[in-house]
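Worksheet for the structure shown next.
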Amino acid sequence: MSGTTGPDNPNDIQVGDIYEDCFFHPVLCTAVDEVAGVVLSGISLIDGTFPRCCDALHCGPVRIRVEDVMAIKRDFDGYVLRRKEELRTGR
(Lines give C-alpha, C1' and ligand atoms only; values in the text may rest on other atoms or scores of the structure.)
Protein backbone atom coordinates (compact mmCIF):
# COMPACT_ATOMS: atom_id res chain seq x y z
CA MET A 1 0.00 0.00 0.00
CA SER A 2 1.08 3.51 -0.64
CA GLY A 3 -0.15 4.77 2.72
CA THR A 4 -2.71 7.06 1.15
CA THR A 5 -6.46 6.73 1.08
CA GLY A 6 -7.66 5.36 -2.24
CA PRO A 7 -10.97 4.33 -3.76
CA ASP A 8 -10.39 0.65 -2.93
CA ASN A 9 -9.28 1.32 0.67
CA PRO A 10 -11.14 4.47 1.76
CA ASN A 11 -10.08 4.17 5.41
CA ASP A 12 -6.44 3.48 4.47
CA ILE A 13 -6.22 0.46 6.76
CA GLN A 14 -2.69 -0.91 6.87
CA VAL A 15 -0.83 -3.81 8.47
CA GLY A 16 -0.68 -3.14 12.21
CA ASP A 17 -3.95 -1.18 12.32
CA ILE A 18 -6.96 -2.43 14.26
CA TYR A 19 -10.21 -2.44 12.33
CA GLU A 20 -13.79 -3.60 12.82
CA ASP A 21 -14.65 -6.43 10.44
CA CYS A 22 -18.03 -7.44 8.95
CA PHE A 23 -18.94 -9.30 12.14
CA PHE A 24 -17.97 -6.35 14.39
CA HIS A 25 -14.80 -8.01 15.69
CA PRO A 26 -11.84 -5.77 16.41
CA VAL A 27 -9.16 -7.28 14.15
CA LEU A 28 -5.41 -6.73 14.08
CA CYS A 29 -4.57 -6.33 10.39
CA THR A 30 -1.80 -8.74 9.39
CA ALA A 31 -2.00 -8.46 5.58
CA VAL A 32 -3.31 -6.19 2.84
CA ASP A 33 -3.78 -7.91 -0.52
CA GLU A 34 -4.30 -5.61 -3.51
CA VAL A 35 -4.48 -8.23 -6.27
CA ALA A 36 -8.28 -8.21 -6.72
CA GLY A 37 -9.33 -5.04 -4.95
CA VAL A 38 -8.11 -4.59 -1.40
CA VAL A 39 -8.60 -7.54 0.94
CA LEU A 40 -7.69 -7.05 4.58
CA SER A 41 -6.73 -10.08 6.67
CA GLY A 42 -6.09 -10.33 10.36
CA ILE A 43 -6.64 -11.90 13.76
CA SER A 44 -9.72 -11.28 15.92
CA LEU A 45 -8.92 -9.54 19.19
CA ILE A 46 -12.16 -11.01 20.61
CA ASP A 47 -11.57 -14.74 20.19
CA GLY A 48 -8.29 -15.15 18.30
CA THR A 49 -9.87 -16.53 15.12
CA PHE A 50 -7.94 -16.11 11.88
CA PRO A 51 -7.72 -15.42 9.12
CA ARG A 52 -10.51 -12.88 9.28
CA CYS A 53 -10.88 -11.21 5.89
CA CYS A 54 -12.79 -8.17 4.67
CA ASP A 55 -13.00 -6.31 1.40
CA ALA A 56 -11.82 -2.80 2.27
CA LEU A 57 -14.38 -1.22 -0.04
CA HIS A 58 -17.47 -3.42 0.16
CA CYS A 59 -17.39 -4.56 3.81
CA GLY A 60 -16.89 -1.07 5.20
CA PRO A 61 -14.23 -1.82 7.79
CA VAL A 62 -13.46 1.05 10.14
CA ARG A 63 -10.44 1.68 12.33
CA ILE A 64 -10.76 1.10 16.04
CA ARG A 65 -8.60 2.75 18.67
CA VAL A 66 -6.52 0.43 20.85
CA GLU A 67 -8.13 2.04 23.90
CA ASP A 68 -11.58 0.86 22.77
CA VAL A 69 -10.71 -2.81 22.26
CA MET A 70 -10.92 -3.79 25.95
CA ALA A 71 -14.32 -2.10 26.37
CA ILE A 72 -15.58 -3.92 23.27
CA LYS A 73 -14.24 -7.22 24.61
CA ARG A 74 -15.91 -6.74 28.03
CA ASP A 75 -19.37 -6.41 26.44
CA PHE A 76 -19.03 -7.73 22.91
CA ASP A 77 -22.73 -8.62 22.54
CA GLY A 78 -23.76 -5.12 23.64
CA TYR A 79 -21.23 -3.59 21.26
CA VAL A 80 -22.60 -5.61 18.34
CA LEU A 81 -26.17 -4.51 19.14
CA ARG A 82 -25.10 -0.84 19.32
CA ARG A 83 -23.16 -1.03 16.04
CA LYS A 84 -26.06 -2.72 14.23
CA GLU A 85 -28.39 0.04 15.44
CA GLU A 86 -25.92 2.73 14.35
CA LEU A 87 -25.68 1.19 10.89
CA ARG A 88 -29.45 0.76 10.65
CA THR A 89 -30.11 4.40 11.54
CA GLY A 90 -27.13 5.80 9.61
CA ARG A 91 -25.39 7.34 12.62
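To be explicit about the labels: the chains of the C-alpha coordinates are called A, B, and onward in the order shown, and within each one the residues are counted from 1, while ligands get numbers from 1 in the order they are shown.
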Residues of stretch 17-57 of chain A within 9 Å of stretch 74-87 of chain A: nearest atom pair and distance (Å, one decimal) for each, counting only C-alpha atoms, sorted by chain and number, as a tab-separated table?
residue	atom	partner	partner_atom	distance
A:Phe23	CA	A:Val80	CA	8.1
A:Phe24	CA	A:Val80	CA	6.1
A:His25	CA	A:Phe76	CA	8.4
A:Ile46	CA	A:Phe76	CA	8.0
Find the residues around A:Glu20 up to 9 Å (only C-alpha atoms counted), leave out those fewer than 3 positions away in its own chain, and share them as a ChimeraX atom specification.
/A:23-27,60-64
So which residues touch A:Leu57 within 7 Å, counting only C-alpha atoms, skipping near sequence neighbours fewer than 4 positions away, as a PDB file with C-alpha atoms, in the first residue's frame?
ATOM      1  CA  ASP A   8     -10.391   0.650  -2.927  1.00  0.00           C
ATOM      2  CA  ASN A   9      -9.282   1.317   0.674  1.00  0.00           C
ATOM      3  CA  PRO A  10     -11.141   4.471   1.757  1.00  0.00           C
TER       4      PRO A  10
END
Go through chain A and collect every residue that DSSP, computed from the backbone, puts in alpha helix (DSSP H); the answer should be as a ChimeraX atom specification.
/A:66-74,76-89
Selection to disk with N, CA, C and O atoms, as a tab-separated table (two decimals), in the first residue's frame:
chain	number	residue	atom	x	y	z
A	66	VAL	N	-6.98	1.46	19.91
A	66	VAL	CA	-6.52	0.43	20.85
A	66	VAL	C	-7.26	0.57	22.18
A	66	VAL	O	-7.66	-0.43	22.79
A	67	GLU	N	-7.47	1.78	22.62
A	67	GLU	CA	-8.13	2.04	23.90
A	67	GLU	C	-9.54	1.47	23.96
A	67	GLU	O	-10.05	1.18	25.03
A	68	ASP	N	-10.19	1.33	22.81
A	68	ASP	CA	-11.58	0.86	22.77
A	68	ASP	C	-11.70	-0.66	22.75
A	68	ASP	O	-12.77	-1.20	23.04
A	69	VAL	N	-10.64	-1.35	22.42
A	69	VAL	CA	-10.71	-2.81	22.26
A	69	VAL	C	-11.13	-3.50	23.55
A	69	VAL	O	-11.98	-4.40	23.54
A	70	MET	N	-10.58	-3.12	24.69
A	70	MET	CA	-10.92	-3.79	25.95
A	70	MET	C	-12.39	-3.56	26.32
A	70	MET	O	-13.06	-4.47	26.81
A	71	ALA	N	-12.90	-2.37	26.09
A	71	ALA	CA	-14.32	-2.10	26.37
A	71	ALA	C	-15.21	-2.95	25.46
A	71	ALA	O	-16.22	-3.50	25.91
A	72	ILE	N	-14.82	-3.08	24.21
A	72	ILE	CA	-15.58	-3.92	23.27
A	72	ILE	C	-15.55	-5.37	23.75
A	72	ILE	O	-16.57	-6.05	23.77
A	73	LYS	N	-14.39	-5.84	24.16
A	73	LYS	CA	-14.24	-7.22	24.61
A	73	LYS	C	-15.06	-7.51	25.87
A	73	LYS	O	-15.64	-8.58	26.00
A	74	ARG	N	-15.14	-6.55	26.79
A	74	ARG	CA	-15.91	-6.74	28.03
A	74	ARG	C	-17.39	-6.96	27.76
A	74	ARG	O	-18.05	-7.70	28.48
A	76	PHE	N	-19.01	-7.59	24.35
A	76	PHE	CA	-19.03	-7.73	22.91
A	76	PHE	C	-20.46	-7.79	22.36
A	76	PHE	O	-20.76	-7.14	21.37
A	77	ASP	N	-21.35	-8.53	23.02
A	77	ASP	CA	-22.73	-8.62	22.54
A	77	ASP	C	-23.41	-7.25	22.53
A	77	ASP	O	-24.11	-6.90	21.58
A	78	GLY	N	-23.20	-6.47	23.58
A	78	GLY	CA	-23.76	-5.12	23.64
A	78	GLY	C	-23.18	-4.22	22.55
A	78	GLY	O	-23.89	-3.43	21.94
A	79	TYR	N	-21.89	-4.37	22.30
A	79	TYR	CA	-21.23	-3.59	21.26
A	79	TYR	C	-21.83	-3.92	19.89
A	79	TYR	O	-22.14	-3.02	19.11
A	80	VAL	N	-22.02	-5.20	19.62
A	80	VAL	CA	-22.60	-5.61	18.34
A	80	VAL	C	-24.00	-5.02	18.17
A	80	VAL	O	-24.34	-4.49	17.11
A	81	LEU	N	-24.82	-5.08	19.22
A	81	LEU	CA	-26.17	-4.51	19.14
A	81	LEU	C	-26.13	-3.01	18.86
A	81	LEU	O	-26.89	-2.50	18.03
A	82	ARG	N	-25.23	-2.29	19.55
A	82	ARG	CA	-25.10	-0.84	19.32
A	82	ARG	C	-24.66	-0.54	17.89
A	82	ARG	O	-25.19	0.37	17.25
A	83	ARG	N	-23.67	-1.29	17.39
A	83	ARG	CA	-23.16	-1.03	16.04
A	83	ARG	C	-24.23	-1.33	14.99
A	83	ARG	O	-24.37	-0.59	14.01
A	84	LYS	N	-24.99	-2.41	15.18
A	84	LYS	CA	-26.06	-2.72	14.23
A	84	LYS	C	-27.09	-1.60	14.21
A	84	LYS	O	-27.57	-1.22	13.14
A	85	GLU	N	-27.43	-1.07	15.37
A	85	GLU	CA	-28.39	0.04	15.44
A	85	GLU	C	-27.82	1.29	14.77
A	85	GLU	O	-28.53	1.98	14.03
A	86	GLU	N	-26.54	1.58	15.01
A	86	GLU	CA	-25.92	2.73	14.35
A	86	GLU	C	-25.96	2.58	12.83
A	86	GLU	O	-26.27	3.55	12.12
A	87	LEU	N	-25.66	1.40	12.34
A	87	LEU	CA	-25.68	1.19	10.89
A	87	LEU	C	-27.10	1.26	10.33
A	87	LEU	O	-27.32	1.76	9.24
A	88	ARG	N	-28.05	0.75	11.10
A	88	ARG	CA	-29.45	0.76	10.65
A	88	ARG	C	-29.98	2.20	10.56
A	88	ARG	O	-30.68	2.53	9.61
A	89	THR	N	-29.60	3.03	11.52
A	89	THR	CA	-30.11	4.40	11.54
A	89	THR	C	-29.21	5.39	10.81
A	89	THR	O	-29.54	6.56	10.71
Which of chain A DSSP labels strand (DSSP E), written as a PDB file with N, CA and C atoms, in the first residue's frame:
ATOM      1  N   ILE A  18      -5.849  -1.643  13.747  1.00  0.00           N
ATOM      2  CA  ILE A  18      -6.964  -2.430  14.263  1.00  0.00           C
ATOM      3  C   ILE A  18      -8.211  -1.910  13.577  1.00  0.00           C
ATOM      4  N   TYR A  19      -8.988  -2.832  13.014  1.00  0.00           N
ATOM      5  CA  TYR A  19     -10.211  -2.437  12.327  1.00  0.00           C
ATOM      6  C   TYR A  19     -11.371  -3.326  12.760  1.00  0.00           C
ATOM      7  N   GLU A  20     -12.581  -2.825  12.557  1.00  0.00           N
ATOM      8  CA  GLU A  20     -13.792  -3.598  12.819  1.00  0.00           C
ATOM      9  C   GLU A  20     -14.166  -4.323  11.538  1.00  0.00           C
ATOM     10  N   PRO A  26     -13.066  -6.530  16.575  1.00  0.00           N
ATOM     11  CA  PRO A  26     -11.836  -5.769  16.411  1.00  0.00           C
ATOM     12  C   PRO A  26     -10.778  -6.747  15.895  1.00  0.00           C
ATOM     13  N   VAL A  27     -10.122  -6.389  14.803  1.00  0.00           N
ATOM     14  CA  VAL A  27      -9.165  -7.282  14.148  1.00  0.00           C
ATOM     15  C   VAL A  27      -7.839  -6.560  13.979  1.00  0.00           C
ATOM     16  N   LEU A  28      -6.756  -7.243  14.349  1.00  0.00           N
ATOM     17  CA  LEU A  28      -5.415  -6.726  14.083  1.00  0.00           C
ATOM     18  C   LEU A  28      -5.071  -7.084  12.649  1.00  0.00           C
ATOM     19  N   CYS A  29      -4.863  -6.091  11.805  1.00  0.00           N
ATOM     20  CA  CYS A  29      -4.567  -6.326  10.392  1.00  0.00           C
ATOM     21  C   CYS A  29      -3.165  -6.909  10.245  1.00  0.00           C
ATOM     22  N   THR A  30      -3.095  -8.075   9.595  1.00  0.00           N
ATOM     23  CA  THR A  30      -1.804  -8.738   9.388  1.00  0.00           C
ATOM     24  C   THR A  30      -1.395  -8.767   7.926  1.00  0.00           C
ATOM     25  N   ALA A  31      -2.335  -8.467   7.004  1.00  0.00           N
ATOM     26  CA  ALA A  31      -1.996  -8.461   5.580  1.00  0.00           C
ATOM     27  C   ALA A  31      -2.993  -7.606   4.816  1.00  0.00           C
ATOM     28  N   VAL A  32      -2.495  -6.969   3.775  1.00  0.00           N
ATOM     29  CA  VAL A  32      -3.313  -6.193   2.840  1.00  0.00           C
ATOM     30  C   VAL A  32      -2.985  -6.711   1.455  1.00  0.00           C
ATOM     31  N   ASP A  33      -3.969  -7.323   0.812  1.00  0.00           N
ATOM     32  CA  ASP A  33      -3.780  -7.909  -0.521  1.00  0.00           C
ATOM     33  C   ASP A  33      -4.481  -7.032  -1.546  1.00  0.00           C
ATOM     34  N   VAL A  39      -8.098  -6.596  -0.056  1.00  0.00           N
ATOM     35  CA  VAL A  39      -8.599  -7.540   0.936  1.00  0.00           C
ATOM     36  C   VAL A  39      -7.726  -7.415   2.176  1.00  0.00           C
ATOM     37  N   LEU A  40      -8.378  -7.156   3.304  1.00  0.00           N
ATOM     38  CA  LEU A  40      -7.689  -7.053   4.581  1.00  0.00           C
ATOM     39  C   LEU A  40      -7.798  -8.388   5.296  1.00  0.00           C
ATOM     40  N   SER A  41      -6.721  -8.847   5.882  1.00  0.00           N
ATOM     41  CA  SER A  41      -6.728 -10.079   6.667  1.00  0.00           C
ATOM     42  C   SER A  41      -6.156  -9.782   8.033  1.00  0.00           C
ATOM     43  N   GLY A  42      -6.619 -10.549   9.026  1.00  0.00           N
ATOM     44  CA  GLY A  42      -6.093 -10.330  10.358  1.00  0.00           C
ATOM     45  C   GLY A  42      -6.562 -11.354  11.356  1.00  0.00           C
ATOM     46  N   ILE A  43      -6.327 -11.037  12.627  1.00  0.00           N
ATOM     47  CA  ILE A  43      -6.638 -11.901  13.757  1.00  0.00           C
ATOM     48  C   ILE A  43      -7.626 -11.170  14.659  1.00  0.00           C
ATOM     49  N   SER A  44      -8.729 -11.858  15.019  1.00  0.00           N
ATOM     50  CA  SER A  44      -9.717 -11.277  15.917  1.00  0.00           C
ATOM     51  C   SER A  44      -9.111 -11.034  17.293  1.00  0.00           C
ATOM     52  N   ARG A  52      -9.256 -13.616   9.420  1.00  0.00           N
ATOM     53  CA  ARG A  52     -10.513 -12.879   9.275  1.00  0.00           C
ATOM     54  C   ARG A  52     -10.269 -11.922   8.120  1.00  0.00           C
ATOM     55  N   CYS A  53     -11.107 -11.989   7.102  1.00  0.00           N
ATOM     56  CA  CYS A  53     -10.875 -11.206   5.886  1.00  0.00           C
ATOM     57  C   CYS A  53     -12.065 -10.311   5.578  1.00  0.00           C
ATOM     58  N   CYS A  54     -11.770  -9.130   5.092  1.00  0.00           N
ATOM     59  CA  CYS A  54     -12.787  -8.167   4.670  1.00  0.00           C
ATOM     60  C   CYS A  54     -12.324  -7.464   3.406  1.00  0.00           C
ATOM     61  N   ASP A  55     -13.266  -7.154   2.561  1.00  0.00           N
ATOM     62  CA  ASP A  55     -13.004  -6.308   1.402  1.00  0.00           C
ATOM     63  C   ASP A  55     -13.023  -4.868   1.905  1.00  0.00           C
ATOM     64  N   VAL A  62     -13.858  -0.234   9.560  1.00  0.00           N
ATOM     65  CA  VAL A  62     -13.462   1.049  10.140  1.00  0.00           C
ATOM     66  C   VAL A  62     -12.372   0.812  11.166  1.00  0.00           C
ATOM     67  N   ARG A  63     -11.501   1.786  11.326  1.00  0.00           N
ATOM     68  CA  ARG A  63     -10.439   1.685  12.327  1.00  0.00           C
ATOM     69  C   ARG A  63     -11.039   1.765  13.722  1.00  0.00           C
TER      70      ARG A  63
END
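With atom CA of A:Gly48 on one side and atom CA of A:Val35 on the other, the separation reads 25.8 Å.
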Separation of atom CA of A:Glu34 from atom CA of A:Arg65, in Å and rounded to one decimal
24.1 Å
